[in-house]
file start-v6.cif (mmCIF, C-alpha atoms)
data_my_file
#
loop_
_atom_site.label_atom_id
_atom_site.label_comp_id
_atom_site.auth_asym_id
_atom_site.auth_seq_id
_atom_site.Cartn_x
_atom_site.Cartn_y
_atom_site.Cartn_z
CA MET U 16 0.00 0.00 0.00
CA GLY U 17 3.02 2.30 0.11
CA SER U 18 4.81 4.37 2.73
CA SER U 19 3.06 7.30 4.37
CA PRO U 20 5.54 10.11 3.47
CA ALA U 21 5.77 8.96 -0.14
CA GLY U 22 2.00 8.58 -0.30
CA GLU U 23 1.33 12.04 1.09
CA ARG U 24 3.46 13.56 -1.70
CA LYS U 25 1.94 11.31 -4.38
CA ILE U 26 5.33 9.70 -4.93
CA LYS U 27 5.12 6.06 -5.96
CA CYS U 28 6.47 3.80 -3.24
CA ASP U 29 8.41 0.73 -4.41
CA GLU U 30 7.69 -0.92 -1.03
CA THR U 31 11.28 -1.99 -0.47
CA LEU U 32 11.83 -2.99 3.14
CA PRO U 33 12.72 -1.58 5.59
CA THR U 34 12.87 1.79 3.72
CA CYS U 35 11.59 2.48 0.22
CA LEU U 36 14.10 3.97 -2.22
CA ASN U 37 12.21 7.24 -2.71
CA CYS U 38 12.17 7.95 1.03
CA SER U 39 15.79 6.88 1.33
CA LYS U 40 16.89 9.37 -1.37
CA LYS U 41 15.03 12.20 0.40
CA HIS U 42 16.35 11.13 3.82
CA ARG U 43 12.82 10.79 5.13
CA GLN U 44 11.45 8.28 7.60
CA CYS U 45 9.58 5.54 5.73
CA ARG U 46 6.50 4.01 7.30
CA HIS U 47 5.14 1.18 5.23
CA VAL U 48 1.43 0.45 5.51
CA ARG U 49 1.30 -3.16 4.44
CA LEU U 50 -0.92 -6.08 5.23
CA PRO U 51 0.83 -9.11 6.70
CA PRO U 52 1.54 -11.82 4.11
CA LEU U 53 -0.56 -14.94 3.93
CA LYS U 54 1.05 -17.71 5.95
CA TRP U 55 0.86 -21.15 4.44
CA VAL U 56 -0.26 -23.57 7.12
CA SER U 57 2.26 -26.33 7.72
CA SER U 58 0.79 -27.98 10.79
CA PRO U 59 -2.64 -29.22 11.83
CA ALA U 60 -2.83 -27.00 14.91
CA LEU U 61 -6.44 -26.15 15.77
CA PRO U 62 -7.68 -22.54 15.90
CA PHE U 63 -9.09 -22.94 19.38
CA THR U 64 -8.22 -24.62 22.66
CA GLN U 65 -10.40 -27.22 24.26
CA PRO U 66 -11.73 -26.10 27.66
CA THR U 67 -12.45 -28.46 30.50
CA GLU U 68 -15.97 -27.19 31.28
CA ASP U 69 -19.22 -26.71 29.39
CA PRO U 70 -18.18 -28.92 26.48
CA ALA U 71 -21.40 -28.53 24.53
CA PRO U 72 -20.87 -25.43 22.54
CA SER U 73 -17.14 -24.80 23.08
CA ARG U 74 -15.79 -28.24 22.30
CA PRO U 75 -17.02 -29.04 18.83
CA PHE U 76 -19.21 -32.11 18.43
CA GLN U 77 -19.29 -33.10 22.11
CA GLY U 78 -22.49 -33.20 24.09
CA ASP U 79 -25.71 -31.80 22.66
CA THR U 80 -25.57 -31.34 18.87
CA SER U 81 -29.03 -29.81 18.47
CA TRP U 82 -27.33 -26.57 17.43
CA ALA U 83 -26.37 -28.26 14.15
CA HIS U 84 -30.06 -28.71 13.32
CA GLN U 85 -30.91 -25.20 14.48
CA ILE U 86 -28.42 -23.40 12.25
CA ALA U 87 -30.00 -25.04 9.22
CA THR U 88 -32.94 -22.70 9.80
CA LEU U 89 -30.85 -19.62 10.62
CA SER U 90 -29.03 -17.14 8.43
CA PRO U 91 -25.22 -17.36 8.36
CA ARG U 92 -24.88 -14.22 10.47
CA GLU U 93 -27.31 -15.55 13.07
CA SER U 94 -25.52 -18.90 13.10
CA LEU U 95 -22.21 -17.22 13.94
CA GLU U 96 -23.63 -16.34 17.37
CA TYR U 97 -22.90 -19.96 18.29
CA PRO U 98 -19.32 -20.35 19.58
CA THR U 99 -18.94 -23.73 17.90
CA VAL U 100 -20.02 -22.33 14.55
CA VAL U 101 -17.41 -19.57 14.87
CA SER U 102 -14.78 -22.22 15.63
CA LEU U 103 -15.70 -24.16 12.51
CA PHE U 104 -15.81 -21.04 10.37
CA THR U 105 -12.40 -19.81 11.52
CA HIS U 106 -10.97 -23.30 11.13
CA TYR U 107 -11.87 -23.08 7.46
CA THR U 108 -10.47 -19.58 6.95
CA THR U 109 -7.24 -20.34 8.81
CA HIS U 110 -6.45 -23.91 7.84
CA LEU U 111 -8.53 -25.10 4.88
CA ALA U 112 -9.01 -22.15 2.54
CA PRO U 113 -5.30 -22.11 1.56
CA TRP U 114 -5.79 -25.58 0.07
CA TYR U 115 -7.84 -23.97 -2.69
CA ASP U 116 -5.64 -20.93 -3.20
CA LEU U 117 -2.56 -22.89 -4.26
CA ASN U 118 -2.56 -21.50 -7.81
CA ASP U 119 -4.75 -18.46 -7.20
CA PRO U 120 -2.82 -15.17 -7.08
CA HIS U 121 -5.86 -13.50 -5.48
CA SER U 122 -6.50 -16.17 -2.80
CA LEU U 123 -10.25 -16.00 -3.44
CA PHE U 124 -11.17 -19.04 -1.35
CA THR U 125 -9.52 -17.25 1.58
CA ASN U 126 -10.57 -13.68 0.82
CA ALA U 127 -13.85 -13.90 -1.10
CA VAL U 128 -15.54 -17.17 -0.10
CA PRO U 129 -15.93 -16.37 3.64
CA ILE U 130 -17.37 -12.94 2.86
CA ARG U 131 -19.76 -14.26 0.23
CA SER U 132 -20.87 -17.06 2.52
CA LEU U 133 -22.27 -14.56 5.04
CA ASP U 134 -25.04 -13.83 2.53
CA GLU U 135 -25.15 -17.24 0.82
CA PRO U 136 -26.41 -20.04 3.15
CA ILE U 137 -25.45 -22.81 0.71
CA LEU U 138 -21.82 -21.73 0.66
CA PHE U 139 -21.83 -21.11 4.42
CA ARG U 140 -23.12 -24.61 5.21
CA ALA U 141 -20.58 -26.15 2.84
CA ILE U 142 -17.81 -24.41 4.79
CA LEU U 143 -19.13 -25.70 8.11
CA ALA U 144 -19.64 -29.27 6.88
CA PHE U 145 -16.12 -29.43 5.44
CA ALA U 146 -14.58 -27.91 8.57
CA ALA U 147 -16.48 -30.29 10.84
CA SER U 148 -15.39 -33.27 8.76
CA HIS U 149 -11.77 -32.14 8.77
CA LEU U 150 -11.72 -31.55 12.53
CA SER U 151 -13.19 -35.00 13.08
CA ARG U 152 -10.05 -36.45 11.47
CA MET U 153 -7.58 -34.17 13.20
CA ILE U 154 -8.83 -34.48 16.81
CA PRO U 155 -8.21 -37.85 18.53
CA THR U 156 -11.26 -40.04 18.01
CA SER U 157 -11.38 -40.96 21.69
CA SER U 158 -12.29 -37.39 22.62
CA LEU U 159 -15.35 -36.91 20.38
CA ASP U 160 -17.91 -38.30 18.04
CA SER U 161 -18.10 -35.81 15.22
CA THR U 162 -19.80 -37.84 12.55
CA PRO U 163 -23.39 -36.83 13.37
CA VAL U 164 -22.55 -33.12 13.26
CA ALA U 165 -20.72 -33.31 9.94
CA VAL U 166 -23.56 -35.37 8.43
CA ILE U 167 -26.22 -32.96 9.69
CA LEU U 168 -24.38 -30.00 8.17
CA HIS U 169 -23.72 -31.92 4.97
CA ASP U 170 -27.38 -32.92 4.57
CA SER U 171 -28.46 -29.34 5.19
CA PHE U 172 -26.14 -28.20 2.41
CA LEU U 173 -27.38 -30.83 -0.03
CA SER U 174 -31.06 -30.07 0.47
CA SER U 175 -30.41 -26.37 -0.10
CA LEU U 176 -28.26 -26.98 -3.18
CA ILE U 177 -30.71 -29.35 -4.84
CA SER U 178 -33.45 -26.76 -4.47
CA ALA U 179 -31.25 -24.06 -5.98
CA LEU U 180 -29.84 -25.96 -8.96
CA SER U 181 -32.87 -25.22 -11.13
CA THR U 182 -32.20 -21.49 -10.93
CA ILE U 183 -28.46 -21.22 -11.62
CA THR U 184 -27.45 -17.80 -12.90
CA PRO U 185 -24.04 -16.28 -13.65
CA SER U 186 -24.19 -14.53 -10.27
CA THR U 187 -24.87 -17.74 -8.31
CA GLN U 188 -22.79 -20.17 -10.39
CA ALA U 189 -19.53 -19.11 -8.75
CA ASN U 190 -20.90 -19.56 -5.23
CA TYR U 191 -22.37 -22.97 -5.95
CA LEU U 192 -19.25 -24.17 -7.76
CA ALA U 193 -17.10 -23.09 -4.81
CA ALA U 194 -19.47 -24.87 -2.43
CA THR U 195 -19.37 -28.15 -4.34
CA CYS U 196 -15.56 -27.96 -4.50
CA LEU U 197 -15.53 -27.77 -0.69
CA LEU U 198 -17.92 -30.67 -0.38
CA ARG U 199 -15.77 -32.69 -2.79
CA SER U 200 -13.07 -32.52 -0.16
CA TYR U 201 -15.69 -33.60 2.40
CA GLU U 202 -16.21 -36.75 0.31
CA ILE U 203 -12.49 -37.48 0.14
CA LEU U 204 -12.06 -37.12 3.88
CA ASN U 205 -14.98 -39.41 4.65
CA GLY U 206 -14.65 -42.32 2.27
CA ASP U 207 -13.35 -44.00 -0.84
CA THR U 208 -13.02 -41.41 -3.60
CA ARG U 209 -13.75 -44.12 -6.14
CA MET U 210 -17.23 -44.71 -4.75
CA ALA U 211 -18.24 -41.32 -3.31
CA GLN U 212 -18.15 -38.86 -6.19
CA GLN U 213 -21.53 -37.11 -6.21
CA HIS U 214 -19.96 -33.74 -5.43
CA LEU U 215 -17.34 -34.21 -8.13
CA PHE U 216 -20.18 -34.81 -10.59
CA GLY U 217 -22.05 -31.84 -9.14
CA ALA U 218 -19.05 -29.56 -9.54
CA PHE U 219 -18.63 -30.77 -13.11
CA SER U 220 -22.22 -29.88 -14.02
CA LEU U 221 -21.77 -26.44 -12.49
CA ALA U 222 -18.44 -25.95 -14.25
CA VAL U 223 -19.97 -26.52 -17.68
CA HIS U 224 -23.53 -25.26 -17.07
CA LEU U 225 -22.55 -21.73 -18.04
CA ASP U 226 -19.44 -20.82 -19.97
CA ILE U 227 -16.60 -19.60 -17.75
CA ASP U 228 -14.18 -17.08 -19.23
CA LEU U 229 -10.73 -18.38 -18.29
CA SER U 230 -8.96 -15.29 -19.61
CA THR U 231 -9.83 -13.40 -16.42
CA TRP U 232 -9.93 -14.08 -12.69
CA GLY U 233 -12.88 -14.38 -10.34
CA LEU U 234 -14.45 -16.91 -8.01
CA ALA U 235 -15.98 -18.85 -10.91
CA GLN U 236 -12.52 -19.23 -12.45
CA ALA U 237 -11.01 -20.22 -9.09
CA GLY U 238 -13.77 -22.80 -8.68
CA PHE U 239 -13.13 -24.14 -12.18
CA TRP U 240 -9.40 -24.65 -11.59
CA ASN U 241 -10.04 -26.26 -8.21
CA TYR U 242 -12.61 -28.55 -9.75
CA LEU U 243 -10.12 -29.54 -12.44
CA CYS U 244 -7.43 -30.32 -9.85
CA GLU U 245 -9.91 -32.43 -7.86
CA ASP U 246 -10.90 -34.28 -11.02
CA ILE U 247 -7.22 -34.88 -11.83
CA THR U 248 -6.60 -36.21 -8.32
CA VAL U 249 -9.33 -38.84 -8.63
CA ALA U 250 -8.44 -39.63 -12.25
CA LEU U 251 -4.82 -40.35 -11.31
CA GLU U 252 -5.87 -42.47 -8.34
CA CYS U 253 -8.40 -44.46 -10.38
CA ARG U 254 -6.49 -44.32 -13.69
CA ARG U 255 -9.52 -43.11 -15.59
CA PRO U 256 -10.35 -40.13 -17.84
CA LEU U 257 -11.53 -36.83 -16.46
CA HIS U 258 -15.22 -36.03 -16.38
CA MET U 259 -14.27 -32.84 -18.19
CA ARG U 260 -13.72 -34.43 -21.59
CA MET U 261 -14.41 -31.25 -23.54
CA MET U 262 -10.88 -30.08 -22.78
CA ALA U 263 -9.66 -30.92 -26.28
CA ASP U 264 -12.59 -29.07 -27.86
CA ARG U 265 -11.91 -25.91 -25.92
CA GLY U 266 -8.20 -25.79 -26.53
CA MET U 267 -5.68 -24.49 -24.05
CA PRO U 268 -6.43 -20.93 -22.88
CA ARG U 269 -3.79 -18.44 -23.96
CA GLY U 270 -2.26 -15.61 -22.01
CA MET U 271 -2.32 -17.67 -18.82
CA THR U 272 1.16 -16.84 -17.53
CA GLU U 273 0.96 -13.21 -16.46
CA MET U 274 1.46 -14.12 -12.78
CA GLU U 275 3.54 -16.86 -11.19
CA GLN U 276 0.60 -18.98 -10.08
CA ASP U 277 -0.75 -18.92 -13.64
CA TRP U 278 2.04 -21.29 -14.61
CA GLY U 279 0.49 -23.79 -12.23
CA ASN U 280 -2.87 -23.49 -13.97
CA ALA U 281 -1.23 -23.79 -17.39
CA ILE U 282 0.43 -27.10 -16.49
CA THR U 283 -2.86 -28.24 -14.92
CA TRP U 284 -4.48 -27.84 -18.34
CA VAL U 285 -1.68 -29.74 -20.09
CA LEU U 286 -1.90 -32.56 -17.55
CA ALA U 287 -5.69 -32.73 -17.92
CA GLU U 288 -5.35 -33.20 -21.67
CA LEU U 289 -2.75 -35.95 -21.16
CA VAL U 290 -4.88 -37.76 -18.57
CA ASN U 291 -7.69 -37.91 -21.09
CA LEU U 292 -5.31 -38.98 -23.86
CA GLN U 293 -3.87 -41.77 -21.74
CA PHE U 294 -7.07 -43.26 -20.34
CA THR U 295 -9.91 -42.39 -22.71
CA GLU U 296 -9.57 -44.79 -25.62
CA HIS U 297 -8.64 -47.98 -23.77
CA GLU U 298 -9.65 -47.32 -20.20
CA GLU U 299 -9.18 -50.88 -18.96
CA ASP U 300 -5.57 -51.39 -19.96
CA GLY U 301 -4.57 -47.72 -19.72
CA VAL U 302 -3.18 -47.50 -23.26
CA GLY U 303 -3.81 -44.12 -24.86
CA GLY U 304 -3.89 -43.26 -28.54
CA GLY U 305 -4.08 -40.44 -31.01
CA GLY U 306 -0.75 -39.48 -32.52
CA GLU U 307 -1.89 -35.96 -33.39
CA ARG U 308 -3.20 -35.25 -29.89
CA TRP U 309 -0.03 -36.74 -28.39
CA GLU U 310 2.15 -34.44 -30.49
CA CYS U 311 0.03 -31.42 -29.56
CA SER U 312 0.37 -32.22 -25.85
CA ARG U 313 4.10 -32.79 -26.24
CA ARG U 314 4.50 -29.34 -27.79
CA GLU U 315 2.41 -27.68 -25.08
CA LEU U 316 4.48 -29.31 -22.34
CA GLU U 317 7.72 -28.35 -24.04
CA GLU U 318 6.56 -24.73 -24.46
CA TRP U 319 5.61 -24.64 -20.79
CA LYS U 320 9.02 -25.95 -19.73
CA VAL U 321 10.92 -23.55 -21.99
CA GLY U 322 9.07 -20.48 -20.74
CA LEU U 323 8.98 -21.46 -17.06
CA PRO U 324 10.53 -18.77 -14.81
CA THR U 325 13.77 -19.73 -13.07
CA SER U 326 12.02 -19.20 -9.73
CA PHE U 327 10.40 -22.61 -10.26
CA GLU U 328 13.81 -24.29 -10.01
CA PRO U 329 14.81 -25.91 -6.69
CA ILE U 330 16.69 -23.56 -4.38
CA SER U 331 18.65 -26.51 -3.00
CA ARG U 332 19.16 -30.22 -3.42
CA ALA U 333 20.66 -30.70 0.03
CA SER U 334 19.59 -33.99 1.57
CA LYS U 335 16.75 -33.99 4.07
CA GLU U 336 16.90 -36.33 7.04
CA GLY U 337 14.92 -39.51 6.45
CA ASN U 338 14.32 -38.81 2.76
CA VAL U 339 15.09 -41.77 0.50
CA PHE U 340 13.94 -39.77 -2.53
CA PRO U 341 15.75 -36.87 -4.23
CA SER U 342 15.57 -33.79 -1.99
CA LEU U 343 14.23 -30.83 -3.97
CA TRP U 344 13.72 -27.70 -1.89
CA MET U 345 11.26 -25.24 -3.40
CA LEU U 346 10.55 -21.65 -2.36
CA ARG U 347 6.76 -21.62 -2.79
CA PRO U 348 4.06 -24.31 -2.55
CA TRP U 349 2.78 -23.58 -6.07
CA TYR U 350 6.26 -24.33 -7.40
CA VAL U 351 6.00 -27.78 -5.81
CA ALA U 352 2.60 -28.46 -7.32
CA ALA U 353 3.61 -27.25 -10.77
CA ARG U 354 6.76 -29.39 -10.82
CA GLN U 355 4.82 -32.47 -9.73
CA TYR U 356 2.17 -31.97 -12.39
CA ALA U 357 4.87 -31.46 -15.03
CA ALA U 358 6.58 -34.71 -14.00
CA VAL U 359 3.30 -36.64 -14.16
CA ALA U 360 2.54 -35.07 -17.53
CA GLU U 361 5.88 -36.27 -18.87
CA ILE U 362 5.23 -39.76 -17.50
CA LEU U 363 1.91 -39.82 -19.34
CA LEU U 364 3.67 -38.71 -22.53
CA VAL U 365 6.05 -41.62 -22.21
CA LEU U 366 3.26 -44.10 -21.49
CA SER U 367 0.98 -42.90 -24.28
CA LYS U 368 3.57 -42.44 -27.03
CA PRO U 369 2.14 -44.24 -30.03
CA GLY U 370 3.87 -47.38 -31.19
CA GLN U 371 6.43 -47.77 -28.39
CA ALA U 372 6.56 -50.13 -25.45
CA LEU U 373 7.42 -48.87 -21.99
CA ASP U 374 10.68 -50.84 -21.85
CA SER U 375 12.05 -49.44 -25.11
CA GLU U 376 14.75 -46.75 -25.35
CA GLY U 377 15.15 -46.47 -21.60
CA ARG U 378 11.60 -45.19 -21.18
CA GLU U 379 10.95 -47.27 -18.04
CA MET U 380 14.05 -45.78 -16.40
CA ARG U 381 12.83 -42.28 -17.25
CA VAL U 382 9.39 -42.99 -15.77
CA GLN U 383 10.96 -44.18 -12.51
CA GLU U 384 13.20 -41.10 -12.39
CA LEU U 385 10.18 -38.82 -12.76
CA ALA U 386 8.19 -40.80 -10.18
CA LEU U 387 11.02 -40.36 -7.68
CA GLN U 388 11.00 -36.61 -8.35
CA VAL U 389 7.29 -36.43 -7.51
CA CYS U 390 7.86 -38.30 -4.25
CA GLY U 391 10.93 -36.23 -3.41
CA LEU U 392 9.08 -32.94 -3.90
CA ALA U 393 6.32 -34.09 -1.55
CA PHE U 394 8.75 -35.32 1.12
CA THR U 395 11.07 -32.31 1.05
CA ASN U 396 8.42 -29.58 1.10
CA GLU U 397 5.88 -29.77 3.91
CA ASP U 398 3.48 -26.99 2.88
CA VAL U 399 -0.02 -28.30 3.47
CA PRO U 400 -1.66 -26.91 0.28
CA ALA U 401 1.03 -28.48 -1.91
CA ARG U 402 0.79 -31.79 -0.07
CA VAL U 403 -2.99 -31.89 -0.43
CA ASN U 404 -2.50 -31.42 -4.17
CA ALA U 405 0.10 -34.21 -4.25
CA PHE U 406 -2.08 -37.18 -3.30
CA GLY U 407 -3.16 -37.91 -6.88
CA PRO U 408 0.37 -37.66 -8.33
CA LEU U 409 1.76 -39.84 -5.52
CA ALA U 410 -0.95 -42.49 -5.94
CA PHE U 411 -0.19 -42.66 -9.67
CA CYS U 412 3.61 -42.49 -9.48
CA GLY U 413 3.87 -44.96 -6.63
CA ARG U 414 2.94 -47.75 -9.01
CA PHE U 415 6.25 -47.28 -10.85
CA LEU U 416 8.51 -47.62 -7.79
CA ARG U 417 10.52 -50.81 -8.00
CA GLU U 418 12.88 -50.79 -5.02
CA SER U 419 11.60 -51.71 -1.56
CA LYS U 420 13.21 -48.66 0.06
CA TYR U 421 11.21 -46.34 -2.17
CA ARG U 422 7.98 -48.23 -1.58
CA SER U 423 8.54 -48.15 2.15
CA GLY U 424 9.43 -44.47 1.96
CA LEU U 425 6.21 -43.67 0.10
CA ARG U 426 4.09 -45.57 2.61
CA CYS U 427 5.62 -43.59 5.44
CA LEU U 428 5.24 -40.33 3.52
CA LEU U 429 1.55 -40.94 2.79
CA ARG U 430 0.80 -41.78 6.41
CA ASN U 431 2.62 -38.68 7.58
CA MET U 432 0.72 -36.54 5.07
CA ALA U 433 -2.55 -38.10 6.27
CA ARG U 434 -1.78 -37.09 9.86
CA GLN U 435 -0.87 -33.59 8.71
CA THR U 436 -3.89 -33.01 6.46
CA GLY U 437 -6.61 -35.40 7.60
CA TRP U 438 -6.67 -36.93 4.11
CA ASN U 439 -7.92 -40.50 3.74
CA VAL U 440 -5.01 -42.49 2.28
CA ASP U 441 -6.27 -45.98 3.14
CA TYR U 442 -7.49 -46.65 -0.39
CA ILE U 443 -4.35 -45.23 -1.98
CA LEU U 444 -2.22 -47.55 0.15
CA LYS U 445 -4.51 -50.49 -0.59
CA ASP U 446 -4.14 -49.95 -4.34
CA LEU U 447 -0.37 -49.62 -4.08
CA TYR U 448 -0.14 -52.76 -1.96
CA GLU U 449 -2.10 -54.68 -4.60
CA CYS U 450 0.01 -53.22 -7.42
CA TRP U 451 3.26 -54.12 -5.67
CA GLY U 452 2.02 -57.61 -4.81
CA GLU U 453 2.77 -57.16 -1.14
CA SER U 454 0.83 -59.14 1.43
CA ASP U 455 0.92 -56.51 4.15
CA LEU U 456 0.79 -52.73 4.04
CA ASN U 457 3.43 -52.68 6.78
CA SER U 458 5.86 -54.90 4.89
#
call {"tool": "encode", "arguments": {"input": "start-v6.cif", "output": "structure tokens"}}
result
Amino acid sequence: MGSSPAGERKIKCDETLPTCLNCSKKHRQCRHVRLPPLKWVSSPALPFTQPTEDPAPSRPFQGDTSWAHQIATLSPRESLEYPTVVSLFTHYTTHLAPWYDLNDPHSLFTNAVPIRSLDEPILFRAILAFAASHLSRMIPTSSLDSTPVAVILHDSFLSSLISALSTITPSTQANYLAATCLLRSYEILNGDTRMAQQHLFGAFSLAVHLDIDLSTWGLAQAGFWNYLCEDITVALECRRPLHMRMMADRGMPRGMTEMEQDWGNAITWVLAELVNLQFTEHEEDGVGGGGERWECSRRELEEWKVGLPTSFEPISRASKEGNVFPSLWMLRPWYVAARQYAAVAEILLVLSKPGQALDSEGREMRVQELALQVCGLAFTNEDVPARVNAFGPLAFCGRFLRESKYRSGLRCLLRNMARQTGWNVDYILKDLYECWGESDLNS
């Protein structure tokens, strides 16, 4: 926002700390007026302490849960008079919203969604249901039974959304898309992503119901990119095409790299096209086709890599204690996510290259090298938003690990990430165990 002396004289402040250059040249005292930077959450610490008395409203989910039914009939602002509701709401804004702002330079799920939800009950209830579900996985199960509360809030959201779907407008589409993205995470936390996908389907219908202009930024665009990442996560876990199969018809949006995080969205688009290429034509055996589409995706990936800013390079490759994978230290969480998506995209290029077997020309060795990079990025960098985004890439790349030390390292990494994020990794581990032919997940 600039320094006060420079601002009073209408002199542009370059916001250099601790003193801007203009004030320094004039030998004036510089007083920056700047908002504190967003802190990426790297631990599952809760935004409230648990008291020892009156557990009903202050300790979420314990005791009487009638409040959960009552808020379904109240406005968001009225609901926030309940201490437990405030705890859930602030848990979202502090710990969960950054998950969705990974590639958003405007952090709209942190800055816009909470504000909009105060006047949009559907979005508000989605926030509470997701926060309640997440807390149920982060707090020791012996201290609470949270399932009824999360289900009550979830059911309240669904009934409201179903009633509203018949009247979607451009002004409500963004809110509803954001809400279904939040509830998609609710599904992932509470069950097998392969079976529970109604919110993924719901988000898809909202994403394509009205055309979204991807050349600009707003909550609808942020919801679209989050939906696409969620679809990619499940597609990589299940090795299936995306629900958004019109990607090839739309073509890759241009002018997407004005800001750093835009590079993350650009590689998300490239990866989405490659996921569809790999799994669409022969879904059962995972063999892709289409030489022209393959060549187009190869060019897009190469253009992305050539133009990528140097800031996306690792700042260090120093070993990290306990890491059996390559240590790749990155400066920002969106750098981690972008690099992982690029590695998976290259793996898919190798797998789907027409007319070549995986074991030809050292291609299998290259796939394993890229898979180790994906694992190393996740192990080295502990930012929660990047780790949440990494579950799909890890589930997919883990299948190409051949050595027992890497398989063991990935199992430990996934369990650690589950403790940190509340993510349900049981089904990822089960799939890997079956792929590796191991009789015990702890082997």
call {"tool": "atom_distance", "arguments": {"input": "start-v6.cif", "atom1": "CA of Asp277 (chain U)", "atom2": "CA of His110 (chain U)"}}
result
22.8 Å
call {"tool": "resolve_selection", "arguments": {"input": "start-v6.cif", "expression": "the PyMOL selection byres ((chain U and resi 310) around 12)", "output": "list in words"}}
result
Glu288, Leu289, Leu292, Gly304, Gly305, Gly306, Glu307, Arg308, Trp309, Cys311, Ser312, Arg313, Arg314, Glu315, Leu316, Glu317, Leu364, Val365, Ser367, Lys368 and Pro369 of chain U
call {"tool": "resolve_selection", "arguments": {"input": "start-v6.cif", "expression": "the PyMOL selection byres ((chain U and resi 432-439) around 6)", "output": "list in words"}}
result
Pro59, Arg152, Met153, Leu204, Leu429, Arg430, Asn431, Val440 and Asp441 of chain U
call {"tool": "write_last_selection", "arguments": {"input": "start-v6.cif", "atoms": "C-alpha atoms", "output": "PDB file, in the coordinates of the input"}}
result
ATOM      1  CA  PRO U  59      -2.640 -29.220  11.830  1.00  0.00           C
ATOM      2  CA  ARG U 152     -10.050 -36.450  11.470  1.00  0.00           C
ATOM      3  CA  MET U 153      -7.580 -34.170  13.200  1.00  0.00           C
ATOM      4  CA  LEU U 204     -12.060 -37.120   3.880  1.00  0.00           C
ATOM      5  CA  LEU U 429       1.550 -40.940   2.790  1.00  0.00           C
ATOM      6  CA  ARG U 430       0.800 -41.780   6.410  1.00  0.00           C
ATOM      7  CA  ASN U 431       2.620 -38.680   7.580  1.00  0.00           C
ATOM      8  CA  VAL U 440      -5.010 -42.490   2.280  1.00  0.00           C
ATOM      9  CA  ASP U 441      -6.270 -45.980   3.140  1.00  0.00           C
TER      10      ASP U 441
END
call {"tool": "resolve_selection", "arguments": {"input": "start-v6.cif", "expression": "the PyMOL selection byres ((chain U and resi 359) around 12)", "output": "mmCIF file with C-alpha atoms, in the coordinates of the input"}}
result
data_model
loop_
_atom_site.group_PDB
_atom_site.id
_atom_site.type_symbol
_atom_site.label_atom_id
_atom_site.label_comp_id
_atom_site.auth_asym_id
_atom_site.auth_seq_id
_atom_site.Cartn_x
_atom_site.Cartn_y
_atom_site.Cartn_z
ATOM 1 C CA ILE U 247 -7.220 -34.880 -11.830
ATOM 2 C CA THR U 248 -6.600 -36.210 -8.320
ATOM 3 C CA LEU U 251 -4.820 -40.350 -11.310
ATOM 4 C CA ILE U 282 0.430 -27.100 -16.490
ATOM 5 C CA THR U 283 -2.860 -28.240 -14.920
ATOM 6 C CA VAL U 285 -1.680 -29.740 -20.090
ATOM 7 C CA LEU U 286 -1.900 -32.560 -17.550
ATOM 8 C CA ALA U 287 -5.690 -32.730 -17.920
ATOM 9 C CA GLU U 288 -5.350 -33.200 -21.670
ATOM 10 C CA LEU U 289 -2.750 -35.950 -21.160
ATOM 11 C CA VAL U 290 -4.880 -37.760 -18.570
ATOM 12 C CA GLN U 293 -3.870 -41.770 -21.740
ATOM 13 C CA LEU U 316 4.480 -29.310 -22.340
ATOM 14 C CA ALA U 352 2.600 -28.460 -7.320
ATOM 15 C CA ALA U 353 3.610 -27.250 -10.770
ATOM 16 C CA ARG U 354 6.760 -29.390 -10.820
ATOM 17 C CA GLN U 355 4.820 -32.470 -9.730
ATOM 18 C CA TYR U 356 2.170 -31.970 -12.390
ATOM 19 C CA ALA U 357 4.870 -31.460 -15.030
ATOM 20 C CA ALA U 358 6.580 -34.710 -14.000
ATOM 21 C CA ALA U 360 2.540 -35.070 -17.530
ATOM 22 C CA GLU U 361 5.880 -36.270 -18.870
ATOM 23 C CA ILE U 362 5.230 -39.760 -17.500
ATOM 24 C CA LEU U 363 1.910 -39.820 -19.340
ATOM 25 C CA LEU U 364 3.670 -38.710 -22.530
ATOM 26 C CA VAL U 365 6.050 -41.620 -22.210
ATOM 27 C CA LEU U 366 3.260 -44.100 -21.490
ATOM 28 C CA ARG U 381 12.830 -42.280 -17.250
ATOM 29 C CA VAL U 382 9.390 -42.990 -15.770
ATOM 30 C CA GLN U 383 10.960 -44.180 -12.510
ATOM 31 C CA GLU U 384 13.200 -41.100 -12.390
ATOM 32 C CA LEU U 385 10.180 -38.820 -12.760
ATOM 33 C CA ALA U 386 8.190 -40.800 -10.180
ATOM 34 C CA LEU U 387 11.020 -40.360 -7.680
ATOM 35 C CA GLN U 388 11.000 -36.610 -8.350
ATOM 36 C CA VAL U 389 7.290 -36.430 -7.510
ATOM 37 C CA CYS U 390 7.860 -38.300 -4.250
ATOM 38 C CA ALA U 405 0.100 -34.210 -4.250
ATOM 39 C CA GLY U 407 -3.160 -37.910 -6.880
ATOM 40 C CA PRO U 408 0.370 -37.660 -8.330
ATOM 41 C CA LEU U 409 1.760 -39.840 -5.520
ATOM 42 C CA ALA U 410 -0.950 -42.490 -5.940
ATOM 43 C CA PHE U 411 -0.190 -42.660 -9.670
ATOM 44 C CA CYS U 412 3.610 -42.490 -9.480
ATOM 45 C CA GLY U 413 3.870 -44.960 -6.630
ATOM 46 C CA PHE U 415 6.250 -47.280 -10.850
#
call {"tool": "atom_distance", "arguments": {"input": "start-v6.cif", "atom1": "CA of Glu273 (chain U)", "atom2": "CA of Ser186 (chain U)"}}
result
25.9 Å
